[in-house]
file query.txt (compact mmCIF, C-alpha atoms)
# COMPACT_ATOMS: atom_id res chain seq x y z
CA MET J 1 55.65 94.33 6.70
CA GLN J 2 54.70 97.71 5.37
CA ASN J 3 51.25 97.81 6.87
CA PRO J 4 51.54 99.83 10.09
CA LEU J 5 48.25 98.51 11.37
CA GLN J 6 49.06 94.85 11.13
CA THR J 7 49.40 93.24 14.51
CA ARG J 8 49.17 89.80 15.95
CA GLU J 9 46.37 91.25 18.08
CA LEU J 10 44.41 92.25 15.00
CA ALA J 11 45.23 89.01 13.25
CA ALA J 12 43.24 87.11 15.87
CA MET J 13 40.44 89.68 15.84
CA GLN J 14 36.78 88.80 15.84
CA TRP J 15 34.24 91.35 14.64
CA SER J 16 33.01 91.76 18.22
CA GLU J 17 36.51 92.75 19.32
CA LEU J 18 37.08 95.54 16.82
CA ASP J 19 36.40 98.17 19.49
CA GLY J 20 39.81 97.42 20.95
CA ALA J 21 41.75 97.28 17.69
CA PRO J 22 44.72 99.64 17.27
CA CYS J 23 43.07 101.14 14.21
CA PRO J 24 40.55 103.99 14.16
CA ILE J 25 38.66 102.54 11.17
CA ALA J 26 38.21 99.22 12.94
CA ARG J 27 37.00 101.02 16.06
CA ALA J 28 34.62 103.13 14.00
CA LEU J 29 33.18 100.01 12.39
CA ALA J 30 32.65 98.51 15.84
CA VAL J 31 30.07 101.24 16.46
CA ILE J 32 28.69 102.09 13.01
CA GLY J 33 29.58 99.02 10.95
CA GLU J 34 26.45 96.95 11.45
CA ARG J 35 23.90 96.63 8.66
CA TRP J 36 21.39 99.52 8.68
CA THR J 37 23.29 101.61 11.22
CA LEU J 38 24.48 104.21 8.70
CA LEU J 39 20.99 104.36 7.26
CA VAL J 40 19.60 105.01 10.74
CA LEU J 41 22.11 107.85 10.94
CA ARG J 42 21.08 109.10 7.51
CA GLU J 43 17.56 109.40 8.91
CA CYS J 44 18.93 111.40 11.87
CA PHE J 45 20.64 113.85 9.53
CA SER J 46 17.36 114.10 7.62
CA GLY J 47 15.53 115.14 10.77
CA ALA J 48 14.21 111.86 12.18
CA ARG J 49 13.93 111.86 15.97
CA ARG J 50 11.12 109.55 16.98
CA PHE J 51 11.00 105.79 16.70
CA GLU J 52 8.17 106.01 14.18
CA ASP J 53 10.22 108.35 11.97
CA PHE J 54 12.98 105.77 11.75
CA GLN J 55 10.56 102.92 11.29
CA ARG J 56 8.77 104.75 8.46
CA GLY J 57 11.93 106.02 6.81
CA LEU J 58 13.67 102.65 6.75
CA GLY J 59 10.79 100.19 6.59
CA ILE J 60 12.76 97.54 8.44
CA SER J 61 11.64 95.54 11.44
CA ARG J 62 10.99 97.35 14.71
CA THR J 63 13.42 94.96 16.37
CA VAL J 64 16.28 96.05 14.12
CA VAL J 65 15.41 99.74 14.47
CA ALA J 66 15.32 99.40 18.27
CA ALA J 67 18.60 97.47 18.34
CA ARG J 68 20.42 100.00 16.17
CA LEU J 69 19.08 103.00 18.08
CA GLY J 70 20.09 101.32 21.34
CA SER J 71 23.63 100.66 20.10
CA LEU J 72 23.99 104.23 18.91
CA VAL J 73 22.87 105.52 22.30
CA ASP J 74 25.31 103.16 24.05
CA ALA J 75 28.11 104.38 21.79
CA GLY J 76 27.38 108.03 22.61
CA ILE J 77 26.34 108.88 19.06
CA LEU J 78 22.67 109.48 19.90
CA GLU J 79 21.09 110.83 23.05
CA ARG J 80 17.74 109.43 24.18
CA ARG J 81 15.46 112.17 25.51
CA VAL J 82 12.01 112.12 27.03
CA TYR J 83 9.64 114.26 24.97
CA GLN J 84 6.37 113.17 26.59
CA ASP J 85 5.60 112.02 30.11
CA ARG J 86 2.32 110.10 30.08
CA PRO J 87 2.89 107.72 28.47
CA GLU J 88 6.63 108.24 28.53
CA ARG J 89 8.01 108.63 25.00
CA HIS J 90 11.53 109.20 23.80
CA GLU J 91 13.27 110.81 20.90
CA TYR J 92 16.78 110.27 19.60
CA VAL J 93 19.04 113.23 19.00
CA LEU J 94 22.56 113.33 17.57
CA THR J 95 25.23 114.18 20.12
CA PRO J 96 28.24 116.29 19.06
CA MET J 97 30.06 112.99 18.44
CA GLY J 98 27.19 111.90 16.21
CA ARG J 99 27.00 115.21 14.34
CA ASP J 100 30.71 114.80 13.63
CA LEU J 101 29.77 111.86 11.39
CA SER J 102 28.24 114.28 8.90
CA ASP J 103 31.60 114.47 7.12
CA THR J 104 31.69 110.71 6.67
CA MET J 105 28.08 110.59 5.50
CA LEU J 106 28.60 113.45 3.06
CA VAL J 107 31.77 112.03 1.54
CA LEU J 108 30.25 108.57 1.27
CA ALA J 109 27.13 110.00 -0.40
CA ALA J 110 29.33 111.90 -2.86
CA TRP J 111 31.14 108.68 -3.74
CA GLY J 112 27.83 106.88 -4.30
CA ASN J 113 26.52 109.78 -6.38
CA ARG J 114 29.64 109.66 -8.50
CA HIS J 115 30.12 105.95 -9.02
CA LEU J 116 26.87 104.11 -8.43
CA THR J 117 24.27 105.86 -10.53
CA GLY J 118 25.33 104.74 -14.02
CA ASP J 119 24.78 107.55 -16.50
CA GLN J 120 21.92 109.02 -14.51
CA GLY J 121 23.91 111.52 -12.49
CA PRO J 122 23.58 112.27 -8.76
CA LEU J 123 20.60 110.94 -6.80
CA VAL J 124 20.80 113.72 -4.25
CA GLU J 125 22.21 117.20 -4.35
CA HIS J 126 23.85 118.93 -1.41
CA THR J 127 23.65 122.69 -1.02
CA HIS J 128 26.06 124.65 1.13
CA THR J 129 23.76 127.08 2.90
CA THR J 130 26.62 129.47 3.69
CA CYS J 131 27.32 130.23 0.01
CA GLY J 132 24.05 128.99 -1.45
CA HIS J 133 25.59 126.71 -4.08
CA ALA J 134 25.14 123.06 -4.88
CA PHE J 135 28.51 121.52 -4.05
CA ARG J 136 30.68 118.45 -3.86
CA PRO J 137 32.68 117.85 -0.68
CA VAL J 138 36.41 118.38 -1.14
CA VAL J 139 38.70 116.87 1.48
CA THR J 140 41.58 119.18 2.30
CA CYS J 141 44.61 119.31 4.57
CA SER J 142 44.14 121.13 7.89
CA GLU J 143 47.69 122.47 7.61
CA CYS J 144 48.13 123.73 4.04
CA GLY J 145 44.53 123.79 2.81
CA ASP J 146 45.25 121.83 -0.37
CA THR J 147 43.17 118.89 -1.53
CA VAL J 148 44.39 115.53 -0.28
CA SER J 149 44.16 112.26 -2.18
CA ALA J 150 45.19 108.65 -1.71
CA ARG J 151 48.50 109.42 -3.39
CA THR J 152 49.42 112.28 -1.08
CA ILE J 153 48.62 110.66 2.27
CA ARG J 154 51.10 108.71 4.36
CA MET J 155 49.88 106.92 7.46
CA ARG J 156 51.80 105.79 10.52
CA ARG J 157 50.78 104.39 13.83
CA THR J 158 51.26 106.73 16.80
CA ALA J 159 52.71 105.82 20.17
CA THR J 160 49.12 105.22 21.32
CA GLY J 161 48.48 102.88 18.42
CA THR J 162 51.74 101.12 19.06
CA ALA J 163 51.17 100.91 22.79
CA SER J 164 47.86 99.14 22.28
CA ASP J 165 49.66 96.61 20.12
CA ALA J 166 50.58 93.73 22.39
CA ALA J 167 52.74 91.97 19.83
CA PRO J 168 54.31 94.14 17.14
CA ALA J 169 54.37 92.64 13.67
CA ALA J 170 57.73 91.28 12.56
CA MET Q 1 7.54 114.21 5.67
CA GLN Q 2 10.70 116.24 5.52
CA ASN Q 3 12.99 113.38 4.60
CA PRO Q 4 13.62 113.67 0.86
CA LEU Q 5 14.89 110.10 0.69
CA GLN Q 6 11.86 108.44 2.15
CA THR Q 7 10.01 106.39 -0.41
CA ARG Q 8 7.61 103.53 -0.43
CA GLU Q 9 10.26 101.73 -2.45
CA LEU Q 10 12.81 102.17 0.28
CA ALA Q 11 10.28 101.35 2.96
CA ALA Q 12 10.00 97.82 1.59
CA MET Q 13 13.73 97.52 1.07
CA GLN Q 14 15.73 94.47 1.97
CA TRP Q 15 19.48 94.79 2.52
CA SER Q 16 20.08 92.88 -0.71
CA GLU Q 17 18.08 95.48 -2.64
CA LEU Q 18 19.97 98.56 -1.47
CA ASP Q 19 21.83 98.75 -4.78
CA GLY Q 20 18.63 100.07 -6.37
CA ALA Q 21 17.67 102.51 -3.63
CA PRO Q 22 17.22 106.18 -4.58
CA CYS Q 23 19.92 107.14 -2.08
CA PRO Q 24 23.67 107.23 -2.69
CA ILE Q 25 24.49 106.14 0.87
CA ALA Q 26 22.26 103.08 0.54
CA ARG Q 27 23.88 102.23 -2.79
CA ALA Q 28 27.34 102.70 -1.31
CA LEU Q 29 26.48 100.35 1.54
CA ALA Q 30 25.30 97.76 -0.97
CA VAL Q 31 28.91 97.47 -2.15
CA ILE Q 32 31.02 98.35 0.90
CA GLY Q 33 28.61 97.81 3.79
CA GLU Q 34 29.33 94.16 4.59
CA ARG Q 35 31.36 93.26 7.65
CA TRP Q 36 35.13 93.35 6.96
CA THR Q 37 34.82 95.04 3.56
CA LEU Q 38 36.14 98.42 4.71
CA LEU Q 39 38.95 96.65 6.53
CA VAL Q 40 39.84 94.82 3.31
CA LEU Q 41 39.97 98.25 1.68
CA ARG Q 42 42.10 99.59 4.52
CA GLU Q 43 44.59 96.86 3.67
CA CYS Q 44 44.50 97.95 0.01
CA PHE Q 45 45.33 101.54 0.97
CA SER Q 46 48.15 100.15 3.15
CA GLY Q 47 49.67 98.39 0.17
CA ALA Q 48 48.13 94.89 0.29
CA ARG Q 49 47.74 93.29 -3.14
CA ARG Q 50 48.00 89.53 -2.77
CA PHE Q 51 45.58 87.20 -1.11
CA GLU Q 52 48.14 86.34 1.55
CA ASP Q 53 48.62 90.05 2.39
CA PHE Q 54 44.91 90.39 3.13
CA GLN Q 55 44.80 87.12 4.97
CA ARG Q 56 47.76 88.09 7.17
CA GLY Q 57 46.63 91.67 7.72
CA LEU Q 58 43.09 90.75 8.75
CA GLY Q 59 43.48 87.31 10.25
CA ILE Q 60 39.97 86.29 9.26
CA SER Q 61 38.93 83.16 7.42
CA ARG Q 62 40.14 82.63 3.84
CA THR Q 63 36.51 82.17 2.85
CA VAL Q 64 35.55 85.65 4.05
CA VAL Q 65 38.64 87.26 2.50
CA ALA Q 66 37.89 85.58 -0.84
CA ALA Q 67 34.21 86.57 -0.71
CA ARG Q 68 34.98 90.21 0.07
CA LEU Q 69 37.69 90.48 -2.59
CA GLY Q 70 35.32 88.90 -5.10
CA SER Q 71 32.53 91.35 -4.28
CA LEU Q 72 34.89 94.30 -4.56
CA VAL Q 73 36.04 93.07 -7.98
CA ASP Q 74 32.43 92.60 -9.08
CA ALA Q 75 31.61 96.13 -7.90
CA GLY Q 76 34.49 97.63 -9.88
CA ILE Q 77 36.38 98.76 -6.78
CA LEU Q 78 39.26 96.32 -7.20
CA GLU Q 79 40.82 94.91 -10.35
CA ARG Q 80 42.08 91.32 -10.34
CA ARG Q 81 45.36 91.00 -12.24
CA VAL Q 82 47.55 88.04 -13.07
CA TYR Q 83 51.03 88.55 -11.62
CA GLN Q 84 52.37 85.03 -12.18
CA ASP Q 85 51.61 82.46 -14.86
CA ARG Q 86 52.63 79.02 -13.62
CA PRO Q 87 50.86 78.50 -11.34
CA GLU Q 88 48.55 81.38 -12.15
CA ARG Q 89 48.35 83.86 -9.29
CA HIS Q 90 46.41 87.08 -8.95
CA GLU Q 91 46.73 90.35 -7.17
CA TYR Q 92 44.06 92.91 -6.32
CA VAL Q 93 44.58 96.54 -7.22
CA LEU Q 94 42.34 99.54 -6.49
CA THR Q 95 40.61 100.94 -9.56
CA PRO Q 96 40.07 104.72 -9.84
CA MET Q 97 36.61 104.12 -8.32
CA GLY Q 98 38.28 102.29 -5.44
CA ARG Q 99 40.96 104.95 -4.91
CA ASP Q 100 38.15 107.48 -4.70
CA LEU Q 101 37.16 105.83 -1.42
CA SER Q 102 40.29 107.24 0.21
CA ASP Q 103 38.30 110.32 1.25
CA THR Q 104 35.75 108.18 3.04
CA MET Q 105 38.42 106.05 4.73
CA LEU Q 106 40.38 109.12 5.80
CA VAL Q 107 37.38 110.97 7.22
CA LEU Q 108 36.15 107.85 9.01
CA ALA Q 109 39.62 107.25 10.48
CA ALA Q 110 39.73 110.85 11.68
CA TRP Q 111 36.37 110.39 13.39
CA GLY Q 112 37.60 107.20 15.10
CA ASN Q 113 40.83 108.90 16.14
CA ARG Q 114 38.86 111.75 17.63
CA HIS Q 115 36.07 109.94 19.39
CA LEU Q 116 37.04 106.34 20.06
CA THR Q 117 40.41 106.44 21.76
CA GLY Q 118 39.43 107.76 25.18
CA ASP Q 119 42.14 110.08 26.49
CA GLN Q 120 44.86 108.32 24.59
CA GLY Q 121 44.85 110.47 21.48
CA PRO Q 122 45.00 109.35 17.84
CA LEU Q 123 45.91 105.75 17.01
CA VAL Q 124 47.27 106.68 13.61
CA GLU Q 125 48.65 109.88 12.19
CA HIS Q 126 48.21 110.98 8.59
CA THR Q 127 50.87 113.06 6.87
CA HIS Q 128 50.13 115.14 3.78
CA THR Q 129 53.16 114.44 1.62
CA THR Q 130 52.63 117.61 -0.43
CA CYS Q 131 53.23 119.91 2.55
CA GLY Q 132 54.94 117.44 4.86
CA HIS Q 133 52.70 118.05 7.86
CA ALA Q 134 50.66 115.75 10.04
CA PHE Q 135 47.08 116.79 9.33
CA ARG Q 136 43.40 116.28 9.95
CA PRO Q 137 41.06 116.07 6.95
CA VAL Q 138 38.83 119.13 6.60
CA VAL Q 139 35.74 118.77 4.42
CA THR Q 140 35.16 121.88 2.35
CA CYS Q 141 32.73 123.19 -0.25
CA SER Q 142 33.79 122.78 -3.90
CA GLU Q 143 32.21 126.17 -4.69
CA CYS Q 144 33.31 128.58 -1.96
CA GLY Q 145 36.12 126.61 -0.29
CA ASP Q 146 34.76 127.05 3.23
CA THR Q 147 34.43 124.22 5.71
CA VAL Q 148 31.06 122.47 5.62
CA SER Q 149 29.28 120.99 8.62
CA ALA Q 150 26.01 119.24 9.37
CA ARG Q 151 24.44 122.62 10.09
CA THR Q 152 25.39 124.18 6.75
CA ILE Q 153 24.32 121.37 4.43
CA ARG Q 154 20.90 121.05 2.84
CA MET Q 155 20.06 117.95 0.87
CA ARG Q 156 17.45 117.42 -1.81
CA ARG Q 157 16.68 114.61 -4.15
CA THR Q 158 17.50 115.28 -7.82
CA ALA Q 159 15.32 114.44 -10.80
CA THR Q 160 17.28 111.19 -11.05
CA GLY Q 161 16.60 110.36 -7.43
CA THR Q 162 12.97 111.23 -7.89
CA ALA Q 163 12.67 109.30 -11.13
CA SER Q 164 13.89 106.13 -9.48
CA ASP Q 165 11.28 106.62 -6.81
CA ALA Q 166 8.20 104.72 -7.89
CA ALA Q 167 5.96 106.24 -5.24
CA PRO Q 168 6.94 109.66 -3.91
CA ALA Q 169 6.41 110.17 -0.20
CA ALA Q 170 3.36 112.19 0.72

call {"tool": "encode", "arguments": {"input": "query.txt", "output": "structure tokens"}}
result
Amino acid sequence: MQNPLQTRELAAMQWSELDGAPCPIARALAVIGERWTLLVLRECFSGARRFEDFQRGLGISRTVVAARLGSLVDAGILERRVYQDRPERHEYVLTPMGRDLSDTMLVLAAWGNRHLTGDQGPLVEHTHTTCGHAFRPVVTCSECGDTVSARTIRMRRTATGTASDAAPAA
Amino acid sequence: MQNPLQTRELAAMQWSELDGAPCPIARALAVIGERWTLLVLRECFSGARRFEDFQRGLGISRTVVAARLGSLVDAGILERRVYQDRPERHEYVLTPMGRDLSDTMLVLAAWGNRHLTGDQGPLVEHTHTTCGHAFRPVVTCSECGDTVSARTIRMRRTATGTASDAAPAA
């Protein structure tokens, strides 16, 4: 098989077991792949911190908001901080691990802007405050600086990925 | 409210209505936000084309594989092609819109590699075939070429985004 990620382990995988999969996308989905989770994170990047901000911004049930915030705290993506003592109230702040998702959010938004708005053009515009221009994200290579694309990427499992593979694919 | 995406429209949103939301991330999730969909796409980027490839690579029920492939075809992300006449058999090939998701997949994989493998290091390694080096994706600005981060991005809704907003937030 050509797929370096295929394993007997993964073949028997349930959604709830993705956090142990030998694939970083599967592991990522284990923590941000539930419905509404990325929209909760969108609210974080838009400045939401308090439960009511999320509730208002998303308009979904308080139960779902609470569940998603709780999972994101458990995963280390948000930090829960006390901002008022009596009564005790909390706010939710992106950790460095959470802020690192800004790349994913930005690139996904750019894809939606490009492909899912018909002839209407972008729904949102991103400005790079450093240079002051409206921009599109361009994904480049850390080594040579050139743009990368599906056609110029090759992927292989590392020793770590292989080691966590109990039964290598034939 | 500071959140430019908050709308009364969105506040009443059901998951099934995200495809009309005035937010490109919400619209993206309407087509790739279901469980397993991004893993189906991972298989595509790893070379899977035939139903059995997906079935073997993911090890989930045929019903779910068929549903996800069907949705991706409907969304214009995959194209269904006949590769054999008698009996008729199909394969699933990424469209240009689908290949454009490679950025998202790559950046998400990099995040998982960085944050979800404990002390073990990356599970997969990406090589940039143009320069031949193992690399990390770096998200840069289309205008100035510098790296962008959560702290140097400002987002605003465009006229399109505003126009599709029936009731602007106060």

call {"tool": "residues_around", "arguments": {"input": "query.txt", "residues": "segment 36-47 of chain J", "least_positions_apart": "4", "cutoff": "7 Å", "atoms": "all atoms listed in the file", "output": "PDB file with C-alpha atoms, in the coordinates of the input"}}
result
ATOM      1  CA  ILE J  32      28.690 102.090  13.010  1.00  0.00           C
ATOM      2  CA  PHE J  54      12.980 105.770  11.750  1.00  0.00           C
ATOM      3  CA  GLY J  57      11.930 106.020   6.810  1.00  0.00           C
ATOM      4  CA  ARG J  68      20.420 100.000  16.170  1.00  0.00           C
TER       5      ARG J  68
ATOM      6  CA  ASN Q   3      12.990 113.380   4.600  1.00  0.00           C
ATOM      7  CA  ALA Q  26      22.260 103.080   0.540  1.00  0.00           C
TER       8      ALA Q  26
END

call {"tool": "closest_residue", "arguments": {"input": "query.txt", "among": "Q:Leu58, Q:Ile153, Q:Glu52, Q:Gly161", "to": "Leu123 of chain J", "atoms": "only C-alpha atoms"}}
result
Q:Gly161

call {"tool": "interface_residues", "arguments": {"input": "query.txt", "of": "chain Q", "to": "chain J", "cutoff": "6 Å", "atoms": "all atoms listed in the file", "output": "MDAnalysis selection string"}}
result
chainID Q and resid 3 6 11:12 24:25 28 46 57:59 102 104 107:109 112:113 123:129 135:143 150 152:158 160:161

call {"tool": "calpha_fit_and_write", "arguments": {"input": "query.txt", "fixed": "chain Q", "moving": "chain J", "output": "compact mmCIF listing (two decimals) with C-alpha atoms, in the frame of the given file"}}
result
# COMPACT_ATOMS: atom_id res chain seq x y z
CA MET J 1 7.48 114.29 5.36
CA GLN J 2 10.68 116.25 5.47
CA ASN J 3 12.97 113.40 4.60
CA PRO J 4 13.64 113.67 0.86
CA LEU J 5 14.88 110.11 0.69
CA GLN J 6 11.84 108.46 2.14
CA THR J 7 9.97 106.43 -0.41
CA ARG J 8 7.55 103.57 -0.41
CA GLU J 9 10.21 101.78 -2.46
CA LEU J 10 12.77 102.21 0.29
CA ALA J 11 10.24 101.38 2.97
CA ALA J 12 9.95 97.86 1.58
CA MET J 13 13.71 97.57 1.09
CA GLN J 14 15.71 94.51 1.99
CA TRP J 15 19.45 94.82 2.53
CA SER J 16 20.05 92.90 -0.70
CA GLU J 17 18.06 95.51 -2.62
CA LEU J 18 19.96 98.58 -1.46
CA ASP J 19 21.82 98.78 -4.77
CA GLY J 20 18.65 100.10 -6.36
CA ALA J 21 17.68 102.55 -3.63
CA PRO J 22 17.25 106.22 -4.58
CA CYS J 23 19.93 107.16 -2.08
CA PRO J 24 23.68 107.25 -2.70
CA ILE J 25 24.50 106.15 0.87
CA ALA J 26 22.28 103.11 0.55
CA ARG J 27 23.88 102.25 -2.79
CA ALA J 28 27.34 102.71 -1.31
CA LEU J 29 26.49 100.36 1.54
CA ALA J 30 25.30 97.78 -0.98
CA VAL J 31 28.91 97.50 -2.16
CA ILE J 32 31.01 98.37 0.90
CA GLY J 33 28.60 97.81 3.79
CA GLU J 34 29.33 94.19 4.59
CA ARG J 35 31.37 93.28 7.66
CA TRP J 36 35.13 93.36 6.95
CA THR J 37 34.81 95.03 3.56
CA LEU J 38 36.13 98.42 4.71
CA LEU J 39 38.95 96.66 6.52
CA VAL J 40 39.84 94.82 3.31
CA LEU J 41 39.96 98.25 1.68
CA ARG J 42 42.09 99.60 4.51
CA GLU J 43 44.58 96.86 3.67
CA CYS J 44 44.51 97.96 0.00
CA PHE J 45 45.33 101.53 0.97
CA SER J 46 48.14 100.15 3.14
CA GLY J 47 49.66 98.38 0.15
CA ALA J 48 48.14 94.90 0.28
CA ARG J 49 47.75 93.30 -3.14
CA ARG J 50 48.01 89.55 -2.77
CA PHE J 51 45.57 87.21 -1.10
CA GLU J 52 48.13 86.35 1.57
CA ASP J 53 48.61 90.04 2.40
CA PHE J 54 44.92 90.39 3.13
CA GLN J 55 44.76 87.12 4.99
CA ARG J 56 47.73 88.09 7.18
CA GLY J 57 46.61 91.67 7.72
CA LEU J 58 43.07 90.76 8.76
CA GLY J 59 43.47 87.31 10.27
CA ILE J 60 39.96 86.31 9.25
CA SER J 61 38.92 83.17 7.42
CA ARG J 62 40.11 82.65 3.86
CA THR J 63 36.49 82.19 2.85
CA VAL J 64 35.55 85.67 4.06
CA VAL J 65 38.64 87.26 2.50
CA ALA J 66 37.87 85.58 -0.83
CA ALA J 67 34.20 86.58 -0.69
CA ARG J 68 34.98 90.22 0.07
CA LEU J 69 37.69 90.48 -2.58
CA GLY J 70 35.31 88.91 -5.10
CA SER J 71 32.53 91.38 -4.27
CA LEU J 72 34.90 94.30 -4.56
CA VAL J 73 36.05 93.09 -7.97
CA ASP J 74 32.42 92.63 -9.08
CA ALA J 75 31.62 96.15 -7.90
CA GLY J 76 34.50 97.64 -9.89
CA ILE J 77 36.38 98.78 -6.79
CA LEU J 78 39.28 96.33 -7.21
CA GLU J 79 40.83 94.93 -10.35
CA ARG J 80 42.08 91.34 -10.35
CA ARG J 81 45.37 91.00 -12.23
CA VAL J 82 47.56 88.05 -13.06
CA TYR J 83 51.03 88.53 -11.60
CA GLN J 84 52.37 85.01 -12.17
CA ASP J 85 51.58 82.45 -14.85
CA ARG J 86 52.60 79.02 -13.60
CA PRO J 87 50.82 78.51 -11.33
CA GLU J 88 48.50 81.37 -12.16
CA ARG J 89 48.34 83.87 -9.29
CA HIS J 90 46.41 87.08 -8.95
CA GLU J 91 46.73 90.36 -7.16
CA TYR J 92 44.06 92.91 -6.32
CA VAL J 93 44.57 96.53 -7.22
CA LEU J 94 42.35 99.54 -6.50
CA THR J 95 40.63 100.95 -9.56
CA PRO J 96 40.10 104.73 -9.84
CA MET J 97 36.64 104.13 -8.33
CA GLY J 98 38.29 102.31 -5.44
CA ARG J 99 40.98 104.95 -4.93
CA ASP J 100 38.17 107.50 -4.70
CA LEU J 101 37.18 105.84 -1.41
CA SER J 102 40.31 107.24 0.20
CA ASP J 103 38.33 110.31 1.24
CA THR J 104 35.76 108.18 3.03
CA MET J 105 38.43 106.07 4.71
CA LEU J 106 40.40 109.13 5.80
CA VAL J 107 37.41 110.97 7.23
CA LEU J 108 36.17 107.86 9.00
CA ALA J 109 39.63 107.24 10.48
CA ALA J 110 39.75 110.85 11.68
CA TRP J 111 36.39 110.40 13.40
CA GLY J 112 37.61 107.21 15.10
CA ASN J 113 40.85 108.90 16.13
CA ARG J 114 38.88 111.75 17.63
CA HIS J 115 36.08 109.94 19.41
CA LEU J 116 37.04 106.35 20.06
CA THR J 117 40.42 106.44 21.73
CA GLY J 118 39.45 107.76 25.18
CA ASP J 119 42.15 110.07 26.49
CA GLN J 120 44.88 108.30 24.57
CA GLY J 121 44.86 110.48 21.48
CA PRO J 122 45.02 109.34 17.84
CA LEU J 123 45.93 105.74 17.00
CA VAL J 124 47.29 106.67 13.61
CA GLU J 125 48.68 109.86 12.19
CA HIS J 126 48.24 110.98 8.60
CA THR J 127 50.89 113.06 6.87
CA HIS J 128 50.18 115.14 3.80
CA THR J 129 53.20 114.43 1.64
CA THR J 130 52.67 117.60 -0.42
CA CYS J 131 53.27 119.92 2.56
CA GLY J 132 54.98 117.44 4.86
CA HIS J 133 52.74 118.04 7.88
CA ALA J 134 50.68 115.74 10.04
CA PHE J 135 47.10 116.77 9.33
CA ARG J 136 43.42 116.26 9.95
CA PRO J 137 41.09 116.07 6.96
CA VAL J 138 38.87 119.13 6.60
CA VAL J 139 35.79 118.77 4.41
CA THR J 140 35.19 121.89 2.35
CA CYS J 141 32.77 123.20 -0.25
CA SER J 142 33.83 122.79 -3.89
CA GLU J 143 32.26 126.17 -4.68
CA CYS J 144 33.37 128.58 -1.95
CA GLY J 145 36.17 126.61 -0.29
CA ASP J 146 34.81 127.05 3.24
CA THR J 147 34.46 124.22 5.72
CA VAL J 148 31.10 122.48 5.63
CA SER J 149 29.32 120.97 8.62
CA ALA J 150 26.05 119.24 9.37
CA ARG J 151 24.48 122.61 10.11
CA THR J 152 25.42 124.18 6.79
CA ILE J 153 24.36 121.37 4.45
CA ARG J 154 20.93 121.07 2.87
CA MET J 155 20.09 117.96 0.89
CA ARG J 156 17.47 117.43 -1.79
CA ARG J 157 16.72 114.62 -4.14
CA THR J 158 17.51 115.32 -7.80
CA ALA J 159 15.33 114.49 -10.78
CA THR J 160 17.30 111.23 -11.05
CA GLY J 161 16.61 110.40 -7.42
CA THR J 162 12.98 111.29 -7.86
CA ALA J 163 12.66 109.38 -11.11
CA SER J 164 13.88 106.19 -9.47
CA ASP J 165 11.21 106.64 -6.83
CA ALA J 166 8.23 104.62 -7.99
CA ALA J 167 5.89 105.94 -5.32
CA PRO J 168 6.67 109.37 -3.91
CA ALA J 169 6.15 109.76 -0.19
CA ALA J 170 3.00 111.62 0.81

call {"tool": "residues_near_point", "arguments": {"input": "query.txt", "point": "(42.7, 96.7, -9.0)", "cutoff": "6 Å", "atoms": "all atoms listed in the file", "output": "ChimeraX atom specification"}}
result
/Q:78-80,92-95

call {"tool": "residues_around", "arguments": {"input": "query.txt", "residues": "Glu91 of chain Q", "least_positions_apart": "2", "cutoff": "6 Å", "atoms": "all atoms listed in the file", "output": "count of residues only"}}
result
4

call {"tool": "atom_distance", "arguments": {"input": "query.txt", "atom1": "atom CA of Phe51 of chain Q", "atom2": "atom CA of Arg89 of chain Q"}}
result
9.3 Å

call {"tool": "atom_distance", "arguments": {"input": "query.txt", "atom1": "atom CA of Glu88 of chain J", "atom2": "atom CA of Ser61 of chain J"}}
result
21.9 Å

call {"tool": "atom_distance", "arguments": {"input": "query.txt", "atom1": "atom CA of His90 of chain J", "atom2": "atom CA of Val64 of chain J"}}
result
17.0 Å

call {"tool": "axis_aligned_box", "arguments": {"input": "query.txt", "around": "segment 122-133 of chain Q", "padding_each_side": "4 Å", "output": "lines of an AutoDock Vina configuration file"}}
result
center_x = 50.0
center_y = 112.8
center_z = 8.7
size_x = 17.9
size_y = 22.2
size_z = 26.3
